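Asks: Sharing a structure below in structure tokens format, with a few things to ask.
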Amino acid sequence: MNLENIRELLEDYKNDRVTIDKVIQNLRDLPYEDLGFARIDHHRALRRGVPEVIFCQGKTMHRIIEIVRHMLVKNSVVMGTRADKNIFEEVKKIAPDAKYYDDARIFLIEREKLPQNKGVIAVVSAGTSDIPVAEEAAVTAEVFGNEVERLYDVGVAGIHRLFMNMDVLHKARVIIVVAGMEGALASVVAGLVDKPVIAVPTSVGYGASFHGLSALLTMLNSCAGGITVVNIDNGFGAGFAAHQINKLGG
């Protein structure tokens, strides 16, 4: 339930199109709906501008489907991250209009688009192995109402590939940089632009990368100002943060 839904509901009541009981029925689950195993935050769209997103990893299929079923009653957008194809196939049984983003591992039921922002978010990946995390960030930003430009496989091992595509960085309002191995790309990008850079370390790399810890520490210790770092493999968090920054620009 978002601000527009509540405004329409109150207008309908004001104009005698719905009863007070109907208004109470629609509002009774604010701020959340208790399913016993989960408390669905229907109020989140009012507070933050976007609805609650389901993190599917670690949840049973039954619980995911029940959460989706209840969210669909009050939300026109239902999104699940870290969802595999099996989860998507079950979601399609109750929402045939659901779609799936393979690389991002995201399912989406989108019956209305969220308000659109004006600026562009660039999502940059160091290598093709980083694309799943980059796509989680990109799809998240797109669903939340942003134009996204992708620039993939431009890591420091062949830095000329980045330099030959600088127009993508210059036209963006916010830049998300996704990198594993040593994670140096975020520092390089931040040193070249006057935009906020959100760095996402990935767990891509050989043994000494320690499943992304090496890239995380490189990004945290960057000497290039203006870098914000999210957790290892947290494409969703980067996409959300970029959306919030972009939204401030009108």
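Convention: chains lettered A, B, ... in structure tokens order; per-chain residue numbering from 1; ligands numbered from 1 as shown.
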Can you list, as an mmCIF file with C-alpha atoms, in the first residue's frame, all residues belonging to stretch 87-193 of chain A that DSSP tags as strand (DSSP E)?
Replies:
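Heads up, here's the output in selection_5.cif:
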data_model
loop_
_atom_site.group_PDB
_atom_site.id
_atom_site.type_symbol
_atom_site.label_atom_id
_atom_site.label_comp_id
_atom_site.auth_asym_id
_atom_site.auth_seq_id
_atom_site.Cartn_x
_atom_site.Cartn_y
_atom_site.Cartn_z
ATOM 1 C CA LYS A 99 8.820 -12.518 -14.740
ATOM 2 C CA TYR A 100 12.286 -13.765 -13.928
ATOM 3 C CA TYR A 101 15.740 -12.200 -14.358
ATOM 4 C CA ILE A 106 15.141 -11.875 -9.128
ATOM 5 C CA PHE A 107 11.450 -12.528 -9.704
ATOM 6 C CA LEU A 108 9.140 -9.580 -10.253
ATOM 7 C CA ILE A 109 5.387 -9.065 -10.263
ATOM 8 C CA GLU A 110 4.855 -5.542 -11.555
ATOM 9 C CA VAL A 120 20.747 7.826 -14.972
ATOM 10 C CA ILE A 121 22.417 5.195 -12.806
ATOM 11 C CA ALA A 122 25.460 3.488 -14.346
ATOM 12 C CA VAL A 123 26.264 -0.061 -13.274
ATOM 13 C CA VAL A 124 29.861 -1.013 -14.040
ATOM 14 C CA SER A 125 31.373 -4.466 -13.594
ATOM 15 C CA GLU A 147 17.057 4.523 -15.973
ATOM 16 C CA VAL A 148 20.095 2.240 -15.860
ATOM 17 C CA GLU A 149 23.082 2.014 -18.218
ATOM 18 C CA ARG A 150 25.275 -1.063 -18.015
ATOM 19 C CA LEU A 151 29.025 -1.135 -18.676
ATOM 20 C CA VAL A 174 25.263 7.812 -9.605
ATOM 21 C CA ILE A 175 27.713 4.994 -10.437
ATOM 22 C CA ILE A 176 27.676 1.485 -9.004
ATOM 23 C CA VAL A 177 30.991 -0.355 -9.431
ATOM 24 C CA VAL A 178 30.995 -4.129 -8.971
ATOM 25 C CA ALA A 179 34.325 -5.940 -8.701
#
Asks: Give me, as an MDAnalysis selection string, all polymer residues having an atom no more than 10 Å from A:Val193, counting only C-alpha atoms and skipping those fewer than 2 positions away in the same chain.
Replies: chainID A and resid 166 169:170 172 175 188:191 195:197 226
Asks: Which residue gives the smallest distance to A:Phe240 among A:Ile6, A:Cys223, A:Leu72, A:Val53, with only C-alpha atoms counted?
Replies: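 Closest to A:Phe240, using only C-alpha atoms: A:Val53.
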Asks: Neighbouring residues of A:Gly58 were defined as those with any atom within 12 Å, considering only C-alpha atoms; residues of the same chain fewer than 4 positions away were excluded. Please report them as a list of chain:residue names.
Replies: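 Skipping anything fewer than 4 positions along the chain leaves A:Ile54, A:His62, A:Arg63, A:Ile64, A:Thr81, A:Arg82, A:Ala83, A:Asp84, A:Ile87.
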Asks: Just the selected residues (N, CA and C atoms), exported as a PDB file, in the first residue's frame, please.
Replies:
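What landed in result22.pdb:
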ATOM      1  N   ILE A  54      11.297  -9.290  -0.884  1.00  0.00           N
ATOM      2  CA  ILE A  54      11.475 -10.597  -0.247  1.00  0.00           C
ATOM      3  C   ILE A  54      12.883 -11.127  -0.513  1.00  0.00           C
ATOM      4  N   HIS A  62       7.201 -22.879   0.887  1.00  0.00           N
ATOM      5  CA  HIS A  62       5.864 -22.578   1.415  1.00  0.00           C
ATOM      6  C   HIS A  62       5.808 -21.161   1.976  1.00  0.00           C
ATOM      7  N   ARG A  63       6.822 -20.772   2.725  1.00  0.00           N
ATOM      8  CA  ARG A  63       6.814 -19.441   3.330  1.00  0.00           C
ATOM      9  C   ARG A  63       6.958 -18.337   2.287  1.00  0.00           C
ATOM     10  N   ILE A  64       7.796 -18.577   1.281  1.00  0.00           N
ATOM     11  CA  ILE A  64       7.938 -17.581   0.220  1.00  0.00           C
ATOM     12  C   ILE A  64       6.596 -17.361  -0.473  1.00  0.00           C
ATOM     13  N   THR A  81      14.432 -11.353  -4.197  1.00  0.00           N
ATOM     14  CA  THR A  81      15.842 -11.479  -4.565  1.00  0.00           C
ATOM     15  C   THR A  81      16.380 -12.830  -4.108  1.00  0.00           C
ATOM     16  N   ARG A  82      17.527 -13.215  -4.689  1.00  0.00           N
ATOM     17  CA  ARG A  82      18.151 -14.511  -4.418  1.00  0.00           C
ATOM     18  C   ARG A  82      17.138 -15.644  -4.582  1.00  0.00           C
ATOM     19  N   ALA A  83      16.411 -15.565  -5.684  1.00  0.00           N
ATOM     20  CA  ALA A  83      15.383 -16.559  -5.992  1.00  0.00           C
ATOM     21  C   ALA A  83      15.857 -17.430  -7.154  1.00  0.00           C
ATOM     22  N   ASP A  84      15.767 -18.738  -7.017  1.00  0.00           N
ATOM     23  CA  ASP A  84      16.151 -19.610  -8.133  1.00  0.00           C
ATOM     24  C   ASP A  84      14.939 -19.888  -9.025  1.00  0.00           C
ATOM     25  N   ILE A  87      11.794 -21.457  -7.385  1.00  0.00           N
ATOM     26  CA  ILE A  87      10.948 -20.497  -6.673  1.00  0.00           C
ATOM     27  C   ILE A  87      10.079 -19.737  -7.669  1.00  0.00           C
TER      28      ILE A  87
END
Asks: Using only C-alpha atoms, pick whichever of A:Glu66, A:Asp233, A:Asp102, A:Glu89 has the shortest atom-to-atom distance to A:Leu35.
Replies: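 Comparing A:Glu66, A:Asp233, A:Asp102, A:Glu89 against A:Leu35, the winner is A:Glu66.
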Asks: Taking only C-alpha atoms into account, name the residue in A:Asn86, A:Glu136, A:Gly183, A:Val91 that is nearest to A:Arg69.
Replies: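 Under the stated criterion, the closest residue is A:Val91.
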Asks: Ranking A:Leu213, A:Cys56, A:Ile67, A:Val73 by minimum distance to A:Arg105 and counting only C-alpha atoms, which one comes first?
Replies: A:Cys56
Asks: Looking only at the backbone, which of the residues in stretch 26-201 of chain A does DSSP tag as alpha helix (DSSP H), as a PDB file with N, CA, C and O atoms, in the first residue's frame?
Replies:
ATOM      1  N   ASN A  26      -9.140  -2.080   4.939  1.00  0.00           N
ATOM      2  CA  ASN A  26      -7.930  -1.849   4.153  1.00  0.00           C
ATOM      3  C   ASN A  26      -6.771  -1.344   4.994  1.00  0.00           C
ATOM      4  O   ASN A  26      -5.605  -1.579   4.659  1.00  0.00           O
ATOM      5  N   LEU A  27      -7.071  -0.639   6.075  1.00  0.00           N
ATOM      6  CA  LEU A  27      -6.009  -0.038   6.892  1.00  0.00           C
ATOM      7  C   LEU A  27      -5.589  -0.888   8.084  1.00  0.00           C
ATOM      8  O   LEU A  27      -4.579  -0.600   8.711  1.00  0.00           O
ATOM      9  N   ARG A  44       5.915  -0.044   4.437  1.00  0.00           N
ATOM     10  CA  ARG A  44       7.238   0.375   3.973  1.00  0.00           C
ATOM     11  C   ARG A  44       7.174   1.316   2.762  1.00  0.00           C
ATOM     12  O   ARG A  44       7.960   2.253   2.653  1.00  0.00           O
ATOM     13  N   ALA A  45       6.242   1.064   1.862  1.00  0.00           N
ATOM     14  CA  ALA A  45       6.125   1.937   0.688  1.00  0.00           C
ATOM     15  C   ALA A  45       5.773   3.361   1.096  1.00  0.00           C
ATOM     16  O   ALA A  45       6.206   4.324   0.452  1.00  0.00           O
ATOM     17  N   LEU A  46       4.996   3.514   2.169  1.00  0.00           N
ATOM     18  CA  LEU A  46       4.657   4.848   2.656  1.00  0.00           C
ATOM     19  C   LEU A  46       5.872   5.532   3.266  1.00  0.00           C
ATOM     20  O   LEU A  46       6.073   6.729   3.095  1.00  0.00           O
ATOM     21  N   ARG A  47       6.687   4.767   3.993  1.00  0.00           N
ATOM     22  CA  ARG A  47       7.842   5.351   4.668  1.00  0.00           C
ATOM     23  C   ARG A  47       9.002   5.608   3.723  1.00  0.00           C
ATOM     24  O   ARG A  47       9.695   6.605   3.829  1.00  0.00           O
ATOM     25  N   ARG A  48       9.236   4.659   2.780  1.00  0.00           N
ATOM     26  CA  ARG A  48      10.471   4.680   2.016  1.00  0.00           C
ATOM     27  C   ARG A  48      10.274   4.867   0.517  1.00  0.00           C
ATOM     28  O   ARG A  48      11.242   5.001  -0.218  1.00  0.00           O
ATOM     29  N   MET A  61       9.987 -22.894   0.555  1.00  0.00           N
ATOM     30  CA  MET A  61       9.107 -22.551  -0.565  1.00  0.00           C
ATOM     31  C   MET A  61       7.735 -22.143  -0.071  1.00  0.00           C
ATOM     32  O   MET A  61       7.152 -21.157  -0.562  1.00  0.00           O
ATOM     33  N   HIS A  62       7.201 -22.879   0.887  1.00  0.00           N
ATOM     34  CA  HIS A  62       5.864 -22.578   1.415  1.00  0.00           C
ATOM     35  C   HIS A  62       5.808 -21.161   1.976  1.00  0.00           C
ATOM     36  O   HIS A  62       4.852 -20.414   1.705  1.00  0.00           O
ATOM     37  N   ARG A  63       6.822 -20.772   2.725  1.00  0.00           N
ATOM     38  CA  ARG A  63       6.814 -19.441   3.330  1.00  0.00           C
ATOM     39  C   ARG A  63       6.958 -18.337   2.287  1.00  0.00           C
ATOM     40  O   ARG A  63       6.317 -17.295   2.384  1.00  0.00           O
ATOM     41  N   ILE A  64       7.796 -18.577   1.281  1.00  0.00           N
ATOM     42  CA  ILE A  64       7.938 -17.581   0.220  1.00  0.00           C
ATOM     43  C   ILE A  64       6.596 -17.361  -0.473  1.00  0.00           C
ATOM     44  O   ILE A  64       6.164 -16.219  -0.685  1.00  0.00           O
ATOM     45  N   ILE A  65       5.924 -18.457  -0.829  1.00  0.00           N
ATOM     46  CA  ILE A  65       4.648 -18.345  -1.552  1.00  0.00           C
ATOM     47  C   ILE A  65       3.585 -17.675  -0.698  1.00  0.00           C
ATOM     48  O   ILE A  65       2.804 -16.850  -1.193  1.00  0.00           O
ATOM     49  N   GLU A  66       3.547 -17.979   0.578  1.00  0.00           N
ATOM     50  CA  GLU A  66       2.562 -17.327   1.458  1.00  0.00           C
ATOM     51  C   GLU A  66       2.828 -15.825   1.574  1.00  0.00           C
ATOM     52  O   GLU A  66       1.908 -15.014   1.564  1.00  0.00           O
ATOM     53  N   ILE A  67       4.107 -15.456   1.663  1.00  0.00           N
ATOM     54  CA  ILE A  67       4.450 -14.029   1.728  1.00  0.00           C
ATOM     55  C   ILE A  67       4.029 -13.335   0.434  1.00  0.00           C
ATOM     56  O   ILE A  67       3.426 -12.253   0.459  1.00  0.00           O
ATOM     57  N   VAL A  68       4.332 -13.951  -0.707  1.00  0.00           N
ATOM     58  CA  VAL A  68       3.943 -13.369  -1.994  1.00  0.00           C
ATOM     59  C   VAL A  68       2.428 -13.221  -2.079  1.00  0.00           C
ATOM     60  O   VAL A  68       1.911 -12.167  -2.476  1.00  0.00           O
ATOM     61  N   ARG A  69       1.714 -14.260  -1.674  1.00  0.00           N
ATOM     62  CA  ARG A  69       0.257 -14.247  -1.753  1.00  0.00           C
ATOM     63  C   ARG A  69      -0.332 -13.073  -0.963  1.00  0.00           C
ATOM     64  O   ARG A  69      -1.213 -12.354  -1.431  1.00  0.00           O
ATOM     65  N   HIS A  70       0.172 -12.854   0.233  1.00  0.00           N
ATOM     66  CA  HIS A  70      -0.348 -11.783   1.085  1.00  0.00           C
ATOM     67  C   HIS A  70       0.124 -10.411   0.610  1.00  0.00           C
ATOM     68  O   HIS A  70      -0.628  -9.438   0.715  1.00  0.00           O
ATOM     69  N   MET A  71       1.344 -10.327   0.091  1.00  0.00           N
ATOM     70  CA  MET A  71       1.831  -9.042  -0.407  1.00  0.00           C
ATOM     71  C   MET A  71       1.050  -8.570  -1.624  1.00  0.00           C
ATOM     72  O   MET A  71       0.824  -7.372  -1.816  1.00  0.00           O
ATOM     73  N   LEU A  72       0.614  -9.506  -2.461  1.00  0.00           N
ATOM     74  CA  LEU A  72      -0.114  -9.148  -3.673  1.00  0.00           C
ATOM     75  C   LEU A  72      -1.448  -8.472  -3.378  1.00  0.00           C
ATOM     76  O   LEU A  72      -1.964  -7.722  -4.208  1.00  0.00           O
ATOM     77  N   VAL A  73      -2.005  -8.738  -2.196  1.00  0.00           N
ATOM     78  CA  VAL A  73      -3.292  -8.125  -1.837  1.00  0.00           C
ATOM     79  C   VAL A  73      -3.151  -6.617  -1.705  1.00  0.00           C
ATOM     80  O   VAL A  73      -4.055  -5.862  -2.062  1.00  0.00           O
ATOM     81  N   LYS A  74      -1.990  -6.151  -1.213  1.00  0.00           N
ATOM     82  CA  LYS A  74      -1.825  -4.733  -0.897  1.00  0.00           C
ATOM     83  C   LYS A  74      -0.721  -4.034  -1.678  1.00  0.00           C
ATOM     84  O   LYS A  74      -0.485  -2.852  -1.483  1.00  0.00           O
ATOM     85  N   LYS A  85      15.166 -20.635 -10.097  1.00  0.00           N
ATOM     86  CA  LYS A  85      14.107 -20.917 -11.060  1.00  0.00           C
ATOM     87  C   LYS A  85      12.949 -21.699 -10.435  1.00  0.00           C
ATOM     88  O   LYS A  85      11.785 -21.532 -10.823  1.00  0.00           O
ATOM     89  N   ASN A  86      13.257 -22.596  -9.483  1.00  0.00           N
ATOM     90  CA  ASN A  86      12.195 -23.368  -8.837  1.00  0.00           C
ATOM     91  C   ASN A  86      11.231 -22.458  -8.082  1.00  0.00           C
ATOM     92  O   ASN A  86      10.014 -22.648  -8.116  1.00  0.00           O
ATOM     93  N   ILE A  87      11.794 -21.457  -7.385  1.00  0.00           N
ATOM     94  CA  ILE A  87      10.948 -20.497  -6.673  1.00  0.00           C
ATOM     95  C   ILE A  87      10.079 -19.737  -7.669  1.00  0.00           C
ATOM     96  O   ILE A  87       8.873 -19.558  -7.467  1.00  0.00           O
ATOM     97  N   PHE A  88      10.686 -19.302  -8.764  1.00  0.00           N
ATOM     98  CA  PHE A  88       9.940 -18.555  -9.768  1.00  0.00           C
ATOM     99  C   PHE A  88       8.778 -19.373 -10.327  1.00  0.00           C
ATOM    100  O   PHE A  88       7.663 -18.856 -10.511  1.00  0.00           O
ATOM    101  N   GLU A  89       9.021 -20.650 -10.622  1.00  0.00           N
ATOM    102  CA  GLU A  89       7.955 -21.489 -11.177  1.00  0.00           C
ATOM    103  C   GLU A  89       6.783 -21.607 -10.210  1.00  0.00           C
ATOM    104  O   GLU A  89       5.615 -21.631 -10.632  1.00  0.00           O
ATOM    105  N   GLU A  90       7.054 -21.661  -8.912  1.00  0.00           N
ATOM    106  CA  GLU A  90       5.971 -21.712  -7.930  1.00  0.00           C
ATOM    107  C   GLU A  90       5.250 -20.371  -7.825  1.00  0.00           C
ATOM    108  O   GLU A  90       4.027 -20.322  -7.669  1.00  0.00           O
ATOM    109  N   VAL A  91       6.012 -19.280  -7.916  1.00  0.00           N
ATOM    110  CA  VAL A  91       5.393 -17.946  -7.872  1.00  0.00           C
ATOM    111  C   VAL A  91       4.464 -17.765  -9.069  1.00  0.00           C
ATOM    112  O   VAL A  91       3.364 -17.203  -8.936  1.00  0.00           O
ATOM    113  N   LYS A  92       4.859 -18.268 -10.239  1.00  0.00           N
ATOM    114  CA  LYS A  92       4.030 -18.129 -11.445  1.00  0.00           C
ATOM    115  C   LYS A  92       2.673 -18.815 -11.310  1.00  0.00           C
ATOM    116  O   LYS A  92       1.703 -18.426 -11.968  1.00  0.00           O
ATOM    117  N   LYS A  93       2.583 -19.812 -10.450  1.00  0.00           N
ATOM    118  CA  LYS A  93       1.309 -20.508 -10.263  1.00  0.00           C
ATOM    119  C   LYS A  93       0.260 -19.605  -9.622  1.00  0.00           C
ATOM    120  O   LYS A  93      -0.937 -19.771  -9.858  1.00  0.00           O
ATOM    121  N   ILE A  94       0.705 -18.649  -8.801  1.00  0.00           N
ATOM    122  CA  ILE A  94      -0.255 -17.737  -8.181  1.00  0.00           C
ATOM    123  C   ILE A  94      -0.223 -16.356  -8.838  1.00  0.00           C
ATOM    124  O   ILE A  94      -1.113 -15.542  -8.617  1.00  0.00           O
ATOM    125  N   ILE A 131      28.879 -10.218 -13.191  1.00  0.00           N
ATOM    126  CA  ILE A 131      27.596  -9.793 -13.746  1.00  0.00           C
ATOM    127  C   ILE A 131      26.386 -10.177 -12.887  1.00  0.00           C
ATOM    128  O   ILE A 131      25.459  -9.364 -12.748  1.00  0.00           O
ATOM    129  N   PRO A 132      26.321 -11.369 -12.268  1.00  0.00           N
ATOM    130  CA  PRO A 132      25.147 -11.661 -11.451  1.00  0.00           C
ATOM    131  C   PRO A 132      24.888 -10.621 -10.358  1.00  0.00           C
ATOM    132  O   PRO A 132      23.739 -10.201 -10.139  1.00  0.00           O
ATOM    133  N   VAL A 133      25.943 -10.169  -9.679  1.00  0.00           N
ATOM    134  CA  VAL A 133      25.772  -9.151  -8.637  1.00  0.00           C
ATOM    135  C   VAL A 133      25.446  -7.803  -9.272  1.00  0.00           C
ATOM    136  O   VAL A 133      24.596  -7.047  -8.774  1.00  0.00           O
ATOM    137  N   ALA A 134      26.110  -7.503 -10.401  1.00  0.00           N
ATOM    138  CA  ALA A 134      25.830  -6.251 -11.107  1.00  0.00           C
ATOM    139  C   ALA A 134      24.383  -6.211 -11.579  1.00  0.00           C
ATOM    140  O   ALA A 134      23.711  -5.169 -11.492  1.00  0.00           O
ATOM    141  N   GLU A 135      23.870  -7.331 -12.060  1.00  0.00           N
ATOM    142  CA  GLU A 135      22.487  -7.377 -12.528  1.00  0.00           C
ATOM    143  C   GLU A 135      21.487  -7.270 -11.369  1.00  0.00           C
ATOM    144  O   GLU A 135      20.413  -6.691 -11.531  1.00  0.00           O
ATOM    145  N   GLU A 136      21.834  -7.813 -10.214  1.00  0.00           N
ATOM    146  CA  GLU A 136      20.969  -7.625  -9.048  1.00  0.00           C
ATOM    147  C   GLU A 136      20.836  -6.133  -8.740  1.00  0.00           C
ATOM    148  O   GLU A 136      19.740  -5.636  -8.459  1.00  0.00           O
ATOM    149  N   ALA A 137      21.946  -5.412  -8.827  1.00  0.00           N
ATOM    150  CA  ALA A 137      21.923  -3.964  -8.595  1.00  0.00           C
ATOM    151  C   ALA A 137      21.136  -3.247  -9.689  1.00  0.00           C
ATOM    152  O   ALA A 137      20.299  -2.374  -9.404  1.00  0.00           O
ATOM    153  N   ALA A 138      21.387  -3.608 -10.938  1.00  0.00           N
ATOM    154  CA  ALA A 138      20.755  -2.926 -12.071  1.00  0.00           C
ATOM    155  C   ALA A 138      19.245  -3.141 -12.092  1.00  0.00           C
ATOM    156  O   ALA A 138      18.469  -2.190 -12.265  1.00  0.00           O
ATOM    157  N   VAL A 139      18.817  -4.383 -11.926  1.00  0.00           N
ATOM    158  CA  VAL A 139      17.376  -4.680 -11.948  1.00  0.00           C
ATOM    159  C   VAL A 139      16.675  -4.014 -10.768  1.00  0.00           C
ATOM    160  O   VAL A 139      15.576  -3.458 -10.920  1.00  0.00           O
ATOM    161  N   THR A 140      17.302  -4.034  -9.603  1.00  0.00           N
ATOM    162  CA  THR A 140      16.724  -3.356  -8.435  1.00  0.00           C
ATOM    163  C   THR A 140      16.505  -1.877  -8.736  1.00  0.00           C
ATOM    164  O   THR A 140      15.420  -1.328  -8.492  1.00  0.00           O
ATOM    165  N   ALA A 141      17.515  -1.229  -9.273  1.00  0.00           N
ATOM    166  CA  ALA A 141      17.405   0.201  -9.587  1.00  0.00           C
ATOM    167  C   ALA A 141      16.321   0.455 -10.629  1.00  0.00           C
ATOM    168  O   ALA A 141      15.568   1.434 -10.529  1.00  0.00           O
ATOM    169  N   GLU A 142      16.223  -0.407 -11.623  1.00  0.00           N
ATOM    170  CA  GLU A 142      15.200  -0.237 -12.666  1.00  0.00           C
ATOM    171  C   GLU A 142      13.798  -0.404 -12.099  1.00  0.00           C
ATOM    172  O   GLU A 142      12.898   0.390 -12.398  1.00  0.00           O
ATOM    173  N   VAL A 143      13.599  -1.432 -11.300  1.00  0.00           N
ATOM    174  CA  VAL A 143      12.278  -1.667 -10.702  1.00  0.00           C
ATOM    175  C   VAL A 143      11.858  -0.479  -9.836  1.00  0.00           C
ATOM    176  O   VAL A 143      10.683  -0.085  -9.820  1.00  0.00           O
ATOM    177  N   HIS A 160      41.948   0.072 -20.641  1.00  0.00           N
ATOM    178  CA  HIS A 160      41.583   0.838 -21.839  1.00  0.00           C
ATOM    179  C   HIS A 160      40.109   0.654 -22.192  1.00  0.00           C
ATOM    180  O   HIS A 160      39.488   1.530 -22.774  1.00  0.00           O
ATOM    181  N   ARG A 161      39.531  -0.479 -21.794  1.00  0.00           N
ATOM    182  CA  ARG A 161      38.112  -0.734 -22.073  1.00  0.00           C
ATOM    183  C   ARG A 161      37.226   0.257 -21.322  1.00  0.00           C
ATOM    184  O   ARG A 161      36.174   0.665 -21.818  1.00  0.00           O
ATOM    185  N   LEU A 162      37.651   0.638 -20.122  1.00  0.00           N
ATOM    186  CA  LEU A 162      36.926   1.653 -19.350  1.00  0.00           C
ATOM    187  C   LEU A 162      37.100   3.024 -19.989  1.00  0.00           C
ATOM    188  O   LEU A 162      36.128   3.759 -20.192  1.00  0.00           O
ATOM    189  N   PHE A 163      38.346   3.362 -20.323  1.00  0.00           N
ATOM    190  CA  PHE A 163      38.638   4.693 -20.869  1.00  0.00           C
ATOM    191  C   PHE A 163      37.919   4.942 -22.203  1.00  0.00           C
ATOM    192  O   PHE A 163      37.589   6.077 -22.529  1.00  0.00           O
ATOM    193  N   MET A 166      34.008   6.201 -21.383  1.00  0.00           N
ATOM    194  CA  MET A 166      33.835   7.197 -20.329  1.00  0.00           C
ATOM    195  C   MET A 166      32.527   7.979 -20.448  1.00  0.00           C
ATOM    196  O   MET A 166      32.042   8.539 -19.473  1.00  0.00           O
ATOM    197  N   ASP A 167      31.938   8.015 -21.642  1.00  0.00           N
ATOM    198  CA  ASP A 167      30.680   8.749 -21.820  1.00  0.00           C
ATOM    199  C   ASP A 167      29.575   8.182 -20.935  1.00  0.00           C
ATOM    200  O   ASP A 167      28.713   8.921 -20.453  1.00  0.00           O
ATOM    201  N   VAL A 168      29.612   6.871 -20.694  1.00  0.00           N
ATOM    202  CA  VAL A 168      28.607   6.247 -19.823  1.00  0.00           C
ATOM    203  C   VAL A 168      28.729   6.787 -18.401  1.00  0.00           C
ATOM    204  O   VAL A 168      27.731   7.096 -17.746  1.00  0.00           O
ATOM    205  N   LEU A 169      29.954   6.943 -17.930  1.00  0.00           N
ATOM    206  CA  LEU A 169      30.176   7.446 -16.575  1.00  0.00           C
ATOM    207  C   LEU A 169      29.813   8.919 -16.473  1.00  0.00           C
ATOM    208  O   LEU A 169      29.223   9.362 -15.474  1.00  0.00           O
ATOM    209  N   HIS A 170      30.155   9.694 -17.487  1.00  0.00           N
ATOM    210  CA  HIS A 170      29.943  11.136 -17.416  1.00  0.00           C
ATOM    211  C   HIS A 170      28.471  11.510 -17.423  1.00  0.00           C
ATOM    212  O   HIS A 170      28.077  12.511 -16.842  1.00  0.00           O
ATOM    213  N   LYS A 171      27.639  10.704 -18.059  1.00  0.00           N
ATOM    214  CA  LYS A 171      26.226  11.065 -18.114  1.00  0.00           C
ATOM    215  C   LYS A 171      25.425  10.533 -16.925  1.00  0.00           C
ATOM    216  O   LYS A 171      24.268  10.900 -16.745  1.00  0.00           O
ATOM    217  N   LEU A 185      38.777  -1.620  -9.263  1.00  0.00           N
ATOM    218  CA  LEU A 185      38.056  -0.799 -10.241  1.00  0.00           C
ATOM    219  C   LEU A 185      37.308   0.365  -9.597  1.00  0.00           C
ATOM    220  O   LEU A 185      37.224   1.450 -10.181  1.00  0.00           O
ATOM    221  N   ALA A 186      36.754   0.178  -8.418  1.00  0.00           N
ATOM    222  CA  ALA A 186      35.987   1.253  -7.768  1.00  0.00           C
ATOM    223  C   ALA A 186      36.862   2.478  -7.520  1.00  0.00           C
ATOM    224  O   ALA A 186      36.433   3.622  -7.731  1.00  0.00           O
ATOM    225  N   SER A 187      38.109   2.266  -7.090  1.00  0.00           N
ATOM    226  CA  SER A 187      39.023   3.393  -6.865  1.00  0.00           C
ATOM    227  C   SER A 187      39.359   4.105  -8.157  1.00  0.00           C
ATOM    228  O   SER A 187      39.430   5.341  -8.204  1.00  0.00           O
ATOM    229  N   VAL A 188      39.565   3.332  -9.224  1.00  0.00           N
ATOM    230  CA  VAL A 188      39.877   3.937 -10.521  1.00  0.00           C
ATOM    231  C   VAL A 188      38.725   4.813 -10.988  1.00  0.00           C
ATOM    232  O   VAL A 188      38.917   5.972 -11.377  1.00  0.00           O
ATOM    233  N   VAL A 189      37.507   4.281 -10.932  1.00  0.00           N
ATOM    234  CA  VAL A 189      36.335   5.037 -11.384  1.00  0.00           C
ATOM    235  C   VAL A 189      36.142   6.288 -10.533  1.00  0.00           C
ATOM    236  O   VAL A 189      35.926   7.388 -11.058  1.00  0.00           O
ATOM    237  N   ALA A 190      36.241   6.148  -9.218  1.00  0.00           N
ATOM    238  CA  ALA A 190      36.018   7.293  -8.330  1.00  0.00           C
ATOM    239  C   ALA A 190      37.044   8.398  -8.564  1.00  0.00           C
ATOM    240  O   ALA A 190      36.749   9.580  -8.347  1.00  0.00           O
TER     241      ALA A 190
END
